[in-house]
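Participant: Coordinates in query17.txt, compact mmCIF, C-alpha atoms and all ligand atoms, are listed below.
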```
# COMPACT_ATOMS: atom_id res chain seq x y z
CA MET A 5 8.09 -9.14 4.30
CA LEU A 6 6.89 -11.90 6.59
CA ARG A 7 8.92 -13.66 9.21
CA VAL A 8 7.44 -16.33 11.45
CA ARG A 9 9.63 -17.64 14.25
CA GLY A 10 9.04 -20.61 16.53
CA LEU A 11 5.27 -20.40 16.23
CA SER A 12 3.30 -22.82 18.39
CA LYS A 13 -0.44 -23.01 18.88
CA ARG A 14 -2.50 -25.45 20.83
CA PHE A 15 -6.25 -25.96 20.97
CA GLY A 16 -6.77 -27.88 24.20
CA PRO A 17 -4.96 -31.18 23.68
CA VAL A 18 -4.44 -30.57 19.94
CA ARG A 19 -1.08 -29.21 18.89
CA ALA A 20 -2.04 -27.32 15.76
CA LEU A 21 1.40 -25.76 15.26
CA THR A 22 4.75 -26.69 16.74
CA GLY A 23 7.79 -24.45 16.32
CA VAL A 24 6.99 -23.21 12.83
CA ASP A 25 9.59 -21.00 11.13
CA LEU A 26 8.74 -19.41 7.81
CA GLU A 27 9.88 -16.43 5.78
CA VAL A 28 8.31 -14.83 2.75
CA GLN A 29 10.35 -12.20 0.91
CA PRO A 30 8.78 -9.21 -0.87
CA GLY A 31 7.47 -10.40 -4.22
CA GLU A 32 7.82 -14.04 -3.27
CA VAL A 33 4.97 -16.51 -3.78
CA VAL A 34 5.02 -19.37 -1.29
CA ALA A 35 2.58 -22.28 -1.45
CA LEU A 36 1.77 -24.16 1.73
CA LEU A 37 0.88 -27.80 1.19
CA GLY A 38 0.01 -30.63 3.54
CA PRO A 39 -2.75 -32.99 4.60
CA SER A 40 -6.01 -31.84 6.15
CA GLY A 41 -5.57 -30.84 9.77
CA CYS A 42 -1.80 -30.23 9.56
CA GLY A 43 -2.16 -26.60 10.63
CA LYS A 44 -2.16 -24.57 7.40
CA SER A 45 -5.20 -22.44 8.21
CA THR A 46 -4.05 -21.97 11.79
CA LEU A 47 -0.72 -20.67 10.51
CA LEU A 48 -2.44 -18.15 8.20
CA ARG A 49 -4.77 -17.09 10.97
CA CYS A 50 -1.83 -16.46 13.30
CA VAL A 51 -0.14 -14.39 10.57
CA ASP A 52 -3.28 -12.32 10.15
CA GLY A 53 -3.67 -11.86 13.89
CA LEU A 54 -7.02 -13.69 13.94
CA GLU A 55 -5.48 -16.25 16.25
CA ALA A 56 -2.93 -15.51 18.98
CA PRO A 57 -0.04 -17.99 19.06
CA ASP A 58 1.01 -19.59 22.37
CA GLU A 59 4.68 -19.18 21.53
CA GLY A 60 6.77 -17.55 18.88
CA GLU A 61 6.28 -14.43 16.88
CA VAL A 62 5.01 -13.04 13.61
CA GLU A 63 6.78 -10.11 12.03
CA ILE A 64 5.22 -8.24 9.12
CA ALA A 65 7.13 -5.52 7.30
CA GLY A 66 9.52 -5.24 10.23
CA VAL A 67 6.83 -4.97 12.91
CA VAL A 68 6.33 -7.80 15.41
CA LEU A 69 2.55 -8.30 15.72
CA ARG A 70 2.61 -8.93 19.44
CA GLU A 71 4.61 -5.77 20.07
CA ALA A 72 2.74 -3.54 17.62
CA ARG A 73 1.31 -0.38 19.12
CA SER A 74 -2.44 -0.07 18.91
CA ASP A 75 -2.08 2.74 16.39
CA GLU A 76 0.18 0.56 14.19
CA LEU A 77 -2.20 -2.39 14.05
CA PRO A 78 -4.92 -1.07 11.70
CA LEU A 79 -2.32 0.03 9.17
CA LEU A 80 -0.53 -3.31 9.43
CA ARG A 81 -3.76 -5.22 8.97
CA ARG A 82 -4.59 -3.22 5.89
CA ARG A 83 -1.26 -4.24 4.42
CA VAL A 84 -2.34 -7.88 4.71
CA GLY A 85 -5.14 -9.18 2.48
CA PHE A 86 -6.86 -12.46 3.34
CA VAL A 87 -8.97 -14.55 1.00
CA PHE A 88 -10.71 -17.41 2.78
CA GLN A 89 -12.23 -20.60 1.52
CA GLY A 90 -15.82 -19.53 0.86
CA SER A 91 -16.06 -15.82 0.47
CA HIS A 92 -17.18 -14.68 3.98
CA LEU A 93 -19.03 -11.68 2.56
CA LEU A 94 -21.57 -9.86 4.67
CA ARG A 95 -24.99 -10.83 3.38
CA ARG A 96 -26.74 -7.54 3.99
CA LEU A 97 -24.16 -5.46 2.13
CA THR A 98 -23.74 -5.03 -1.61
CA ALA A 99 -20.54 -6.11 -3.33
CA GLU A 100 -19.11 -2.58 -3.32
CA GLN A 101 -20.02 -2.10 0.35
CA ASN A 102 -18.38 -5.41 1.22
CA VAL A 103 -15.20 -4.33 -0.52
CA ALA A 104 -15.28 -0.81 0.95
CA ILE A 105 -16.06 -1.68 4.55
CA GLY A 106 -12.44 -2.15 5.65
CA LEU A 107 -11.47 1.24 4.24
CA VAL A 108 -14.41 2.94 5.93
CA ALA A 109 -13.48 1.23 9.21
CA ALA A 110 -9.95 2.58 8.75
CA GLY A 111 -11.35 6.11 8.51
CA GLN A 112 -11.70 6.77 4.80
CA PRO A 113 -14.76 8.85 3.82
CA THR A 114 -17.53 6.57 2.53
CA HIS A 115 -17.85 8.06 -0.98
CA GLN A 116 -14.09 7.78 -1.48
CA ALA A 117 -13.98 4.22 -0.15
CA LEU A 118 -16.82 3.19 -2.47
CA ALA A 119 -15.00 4.64 -5.47
CA VAL A 120 -11.85 2.70 -4.58
CA ALA A 121 -14.00 -0.41 -4.03
CA ARG A 122 -15.57 -0.10 -7.48
CA ALA A 123 -12.11 0.18 -9.04
CA ALA A 124 -11.06 -2.99 -7.16
CA LEU A 125 -14.18 -4.78 -8.43
CA GLU A 126 -13.28 -3.72 -11.99
CA ARG A 127 -9.84 -5.25 -11.53
CA VAL A 128 -11.35 -8.68 -10.86
CA GLY A 129 -13.97 -8.38 -13.61
CA MET A 130 -16.83 -7.70 -11.22
CA GLY A 131 -17.52 -4.02 -11.86
CA TRP A 132 -20.98 -4.93 -13.15
CA ALA A 133 -21.92 -6.43 -9.78
CA ALA A 134 -21.13 -3.45 -7.53
CA GLY A 135 -24.75 -3.07 -6.42
CA ARG A 136 -25.54 -6.77 -5.99
CA ARG A 137 -25.77 -8.63 -2.73
CA PRO A 138 -23.88 -11.90 -2.18
CA GLU A 139 -27.03 -14.01 -2.56
CA GLU A 140 -27.47 -12.59 -6.06
CA LEU A 141 -24.03 -13.85 -7.10
CA SER A 142 -22.64 -17.31 -7.92
CA GLY A 143 -19.95 -18.92 -5.76
CA GLY A 144 -17.22 -17.96 -8.22
CA GLU A 145 -18.48 -14.38 -8.46
CA ARG A 146 -18.59 -14.10 -4.67
CA GLN A 147 -15.02 -15.32 -4.52
CA ARG A 148 -13.97 -12.61 -7.00
CA VAL A 149 -15.63 -10.01 -4.78
CA ALA A 150 -13.72 -11.44 -1.83
CA ILE A 151 -10.50 -11.09 -3.81
CA ALA A 152 -11.36 -7.45 -4.56
CA ARG A 153 -11.93 -6.94 -0.83
CA ALA A 154 -8.49 -8.38 -0.08
CA LEU A 155 -6.87 -6.23 -2.78
CA VAL A 156 -8.50 -2.96 -1.93
CA GLY A 157 -6.02 -1.96 0.80
CA GLU A 158 -3.09 -2.50 -1.64
CA PRO A 159 -1.73 -5.26 0.59
CA LEU A 160 1.98 -5.99 0.73
CA LEU A 161 1.20 -9.55 1.71
CA MET A 162 -1.72 -11.64 0.52
CA LEU A 163 -2.85 -14.75 2.34
CA TRP A 164 -4.97 -17.23 0.45
CA ASP A 165 -6.65 -20.13 2.22
CA GLU A 166 -7.96 -22.56 -0.38
CA PRO A 167 -9.60 -19.83 -2.47
CA THR A 168 -10.83 -22.34 -5.05
CA ALA A 169 -12.27 -24.97 -2.73
CA SER A 170 -15.86 -25.99 -3.48
CA LEU A 171 -15.98 -24.18 -6.84
CA ASP A 172 -16.68 -25.96 -10.12
CA PRO A 173 -13.65 -26.75 -12.31
CA VAL A 174 -14.34 -24.01 -14.88
CA VAL A 175 -14.60 -21.37 -12.15
CA VAL A 176 -11.52 -22.79 -10.43
CA HIS A 177 -9.65 -22.24 -13.67
CA GLU A 178 -10.91 -18.63 -13.91
CA ILE A 179 -9.94 -17.83 -10.33
CA LEU A 180 -6.51 -19.40 -10.80
CA LYS A 181 -6.01 -17.26 -13.93
CA LEU A 182 -6.98 -14.19 -11.92
CA MET A 183 -4.51 -15.12 -9.17
CA GLU A 184 -1.80 -15.74 -11.72
CA GLY A 185 -2.40 -12.23 -13.10
CA LEU A 186 -2.10 -10.80 -9.58
CA VAL A 187 1.18 -12.62 -9.09
CA ALA A 188 2.54 -11.21 -12.34
CA GLU A 189 1.35 -7.62 -11.90
CA SER A 190 3.15 -6.66 -8.69
CA ASP A 191 5.84 -7.51 -6.22
CA ARG A 192 3.30 -8.37 -3.58
CA ALA A 193 4.27 -11.30 -1.37
CA MET A 194 1.81 -14.18 -1.31
CA LEU A 195 1.32 -17.09 1.03
CA LEU A 196 -1.07 -19.54 -0.53
CA VAL A 197 -2.75 -22.63 0.86
CA THR A 198 -4.09 -24.74 -1.95
CA HIS A 199 -4.79 -28.29 -2.91
CA GLN A 200 -4.22 -27.31 -6.55
CA VAL A 201 -0.71 -28.66 -6.52
CA GLY A 202 -0.24 -28.22 -10.28
CA PHE A 203 -1.05 -24.53 -9.88
CA ALA A 204 1.23 -24.24 -6.86
CA ARG A 205 4.09 -25.74 -8.84
CA GLN A 206 3.44 -23.31 -11.65
CA VAL A 207 3.16 -20.00 -9.75
CA ALA A 208 5.03 -20.50 -6.48
CA HIS A 209 8.68 -19.67 -6.04
CA ARG A 210 8.79 -22.04 -3.12
CA LEU A 211 6.72 -24.92 -1.78
CA VAL A 212 6.48 -25.44 1.95
CA PHE A 213 5.24 -28.82 3.13
CA MET A 214 3.64 -29.26 6.53
CA GLU A 215 2.72 -32.30 8.53
CA ALA A 216 1.18 -32.51 12.00
CA GLY A 217 1.82 -28.84 12.79
CA ARG A 218 5.42 -28.73 11.60
CA VAL A 219 7.20 -27.60 8.47
CA VAL A 220 8.86 -30.75 7.16
CA GLU A 221 10.30 -29.59 3.84
CA SER A 222 10.66 -26.46 1.76
CA GLY A 223 12.28 -25.46 -1.52
CA PRO A 224 11.77 -24.41 -5.14
CA PRO A 225 9.01 -26.55 -6.76
CA GLU A 226 11.18 -28.28 -9.34
CA GLU A 227 13.80 -29.11 -6.74
CA VAL A 228 11.56 -30.55 -4.03
CA LEU A 229 9.33 -32.38 -6.48
CA ALA A 230 12.30 -33.90 -8.29
CA ALA A 231 13.84 -35.24 -5.09
CA PRO A 232 11.37 -35.04 -2.21
CA ARG A 233 12.77 -35.89 1.22
CA SER A 234 9.58 -35.98 3.27
CA GLN A 235 6.68 -38.35 2.97
CA VAL A 236 4.29 -35.45 2.39
CA ALA A 237 6.31 -34.08 -0.51
CA ARG A 238 6.58 -37.59 -1.99
CA ARG A 239 2.81 -37.88 -1.87
CA TYR A 240 2.42 -34.62 -3.80
CA GLN A 241 5.05 -35.77 -6.26
CA MET A 242 2.98 -38.89 -6.92
CA LEU A 243 -0.19 -36.81 -7.27
CA LEU A 244 1.48 -34.82 -10.02
CA GLY A 245 2.89 -37.93 -11.62
CA ALA A 246 6.12 -35.98 -11.50
N1 LIG B 301 -10.68 -23.16 16.79
C1 LIG B 301 -10.23 -24.41 16.95
N2 LIG B 301 -10.55 -25.13 18.06
C2 LIG B 301 -10.09 -26.37 18.25
N3 LIG B 301 -9.28 -27.02 17.38
C3 LIG B 301 -8.93 -26.38 16.26
C4 LIG B 301 -9.40 -25.05 15.98
N4 LIG B 301 -8.88 -24.67 14.79
C5 LIG B 301 -8.14 -25.71 14.35
N5 LIG B 301 -8.16 -26.73 15.23
C6 LIG B 301 -7.43 -28.01 15.10
O1 LIG B 301 -6.08 -27.71 14.79
C7 LIG B 301 -5.56 -28.59 13.80
C8 LIG B 301 -5.11 -27.79 12.59
O2 LIG B 301 -6.25 -27.24 11.95
P1 LIG B 301 -6.16 -26.35 10.65
O3 LIG B 301 -7.51 -25.84 10.36
O4 LIG B 301 -5.07 -25.38 10.80
O5 LIG B 301 -5.74 -27.45 9.54
P2 LIG B 301 -5.59 -27.30 7.97
O6 LIG B 301 -4.22 -27.76 7.63
O7 LIG B 301 -5.98 -25.94 7.55
O8 LIG B 301 -6.63 -28.38 7.41
P3 LIG B 301 -7.57 -28.34 6.10
O9 LIG B 301 -6.66 -28.69 4.94
O10 LIG B 301 -8.57 -29.41 6.35
O11 LIG B 301 -8.17 -26.98 6.00
C9 LIG B 301 -6.68 -29.58 13.51
O12 LIG B 301 -6.46 -30.73 14.30
C10 LIG B 301 -7.93 -28.85 13.95
O13 LIG B 301 -8.92 -29.76 14.36
MG MG B 302 -7.57 -25.17 6.40
```
Could you spell out this file's structure in structure tokens?

Facilitator:
Amino acid sequence: MLRVRGLSKRFGPVRALTGVDLEVQPGEVVALLGPSGCGKSTLLRCVDGLEAPDEGEVEIAGVVLREARSDELPLLRRRVGFVFQGSHLLRRLTAEQNVAIGLVAAGQPTHQALAVARAALERVGMGWAAGRRPEELSGGERQRVAIARALVGEPLLMLWDEPTASLDPVVVHEILKLMEGLVAESDRAMLLVTHQVGFARQVAHRLVFMEAGRVVESGPPEEVLAAPRSQVARRYQMLLGA
């Protein structure tokens, strides 16, 4: 589903990513863990095409991003859903408009797109808020709307960048439950950045540990946490008291 090969990205003197290889199979849930600044968000942004890598390539569903024809790109992007830390909703639009906007941009008639958007809002328990603007919603509710927006294109691959950061613990629990349901309901591939290591252990098929822009360890949760080889993985093992 996703294949990343030899990805490197620099911001001036900062090497954000160095030679990252990563594969996510259809239906596989992979959690990306590592200290702040190790390159997790940069990796997701390169996968989503928001950031152009200096070296290496990203292949989604058999298409190499860099080589994709301009008519292939919109379709490819719709097959990838991205949920950011903080919901990044457009303030002037209602919840249903926020969810529908990508579909409209891709050429779907507005009334149809809004109907699909409302169905997506229902799926995340936010049907009641279709006509509300982001400022009329709580942080957790906004994040649900953002999840609906990511789901609405029926993505084959979902990217999550700390979707529960800066939410209160009760809401974190609700969002994690929602994500767990999404994992169970389909064979969508997911690449998840989270500091909720207990959750990662529970839902991910594989944990990938990063440090200073490199992947340093990867494997099934129980395996890597039972016998971590890298310092990063050992730190997470201690965090879990595993
Ligand atoms: N647009 C940018 N311009 C300059 N430097 C950047 C930019 N984006 C990221 N960086 C740098 O690249 C490195 C990796 O950043 P990145 O955001 O990928 O880390 P992260 O693992 O997501 O961290 P966190 O857990 O804090 O979100 C950091 O040193 C960061 O300062
Ligand atoms: Mg980040």

Participant: Write as a PyMOL selection string the residues around ligand LIG 301 (chain B), taking 10 Å as the cut-off and counting only C-alpha atoms and all ligand atoms.

Facilitator: chain A and resi 13-21+36-50+55+89+165-166+169+197-199+214-217

Participant: Extract, using all atoms listed in the file, all DNA, RNA and protein residues at most 7 Å from segment 29-35 of chain A, discarding same-chain residues fewer than 4 positions from it, and format them as a PyMOL selection string.

Facilitator: chain A and resi 5-6+191-197+204+208-212

Participant: Give me the residues near Arg137 of chain A as a PyMOL selection string, where near means some atom within 10 Å (using all atoms listed in the file) and where sequence neighbours in that chain fewer than 5 positions away do not count.

Facilitator: chain A and resi 93-102+146

Participant: From the options A:Val87, A:Leu141, A:Ala150, A:Val68, which residue's atoms come nearest to ligand MG 302 (chain B), counting all atoms listed in the file?

Facilitator: A:Val87

Participant: Report, in Å with one decimal, the straight-line distance from atom CA of Leu163 of chain A to atom CA of Gly245 of chain A.

Facilitator: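 Atom CA of Gly245 of chain A lies 27.7 Å from atom CA of Leu163 of chain A.
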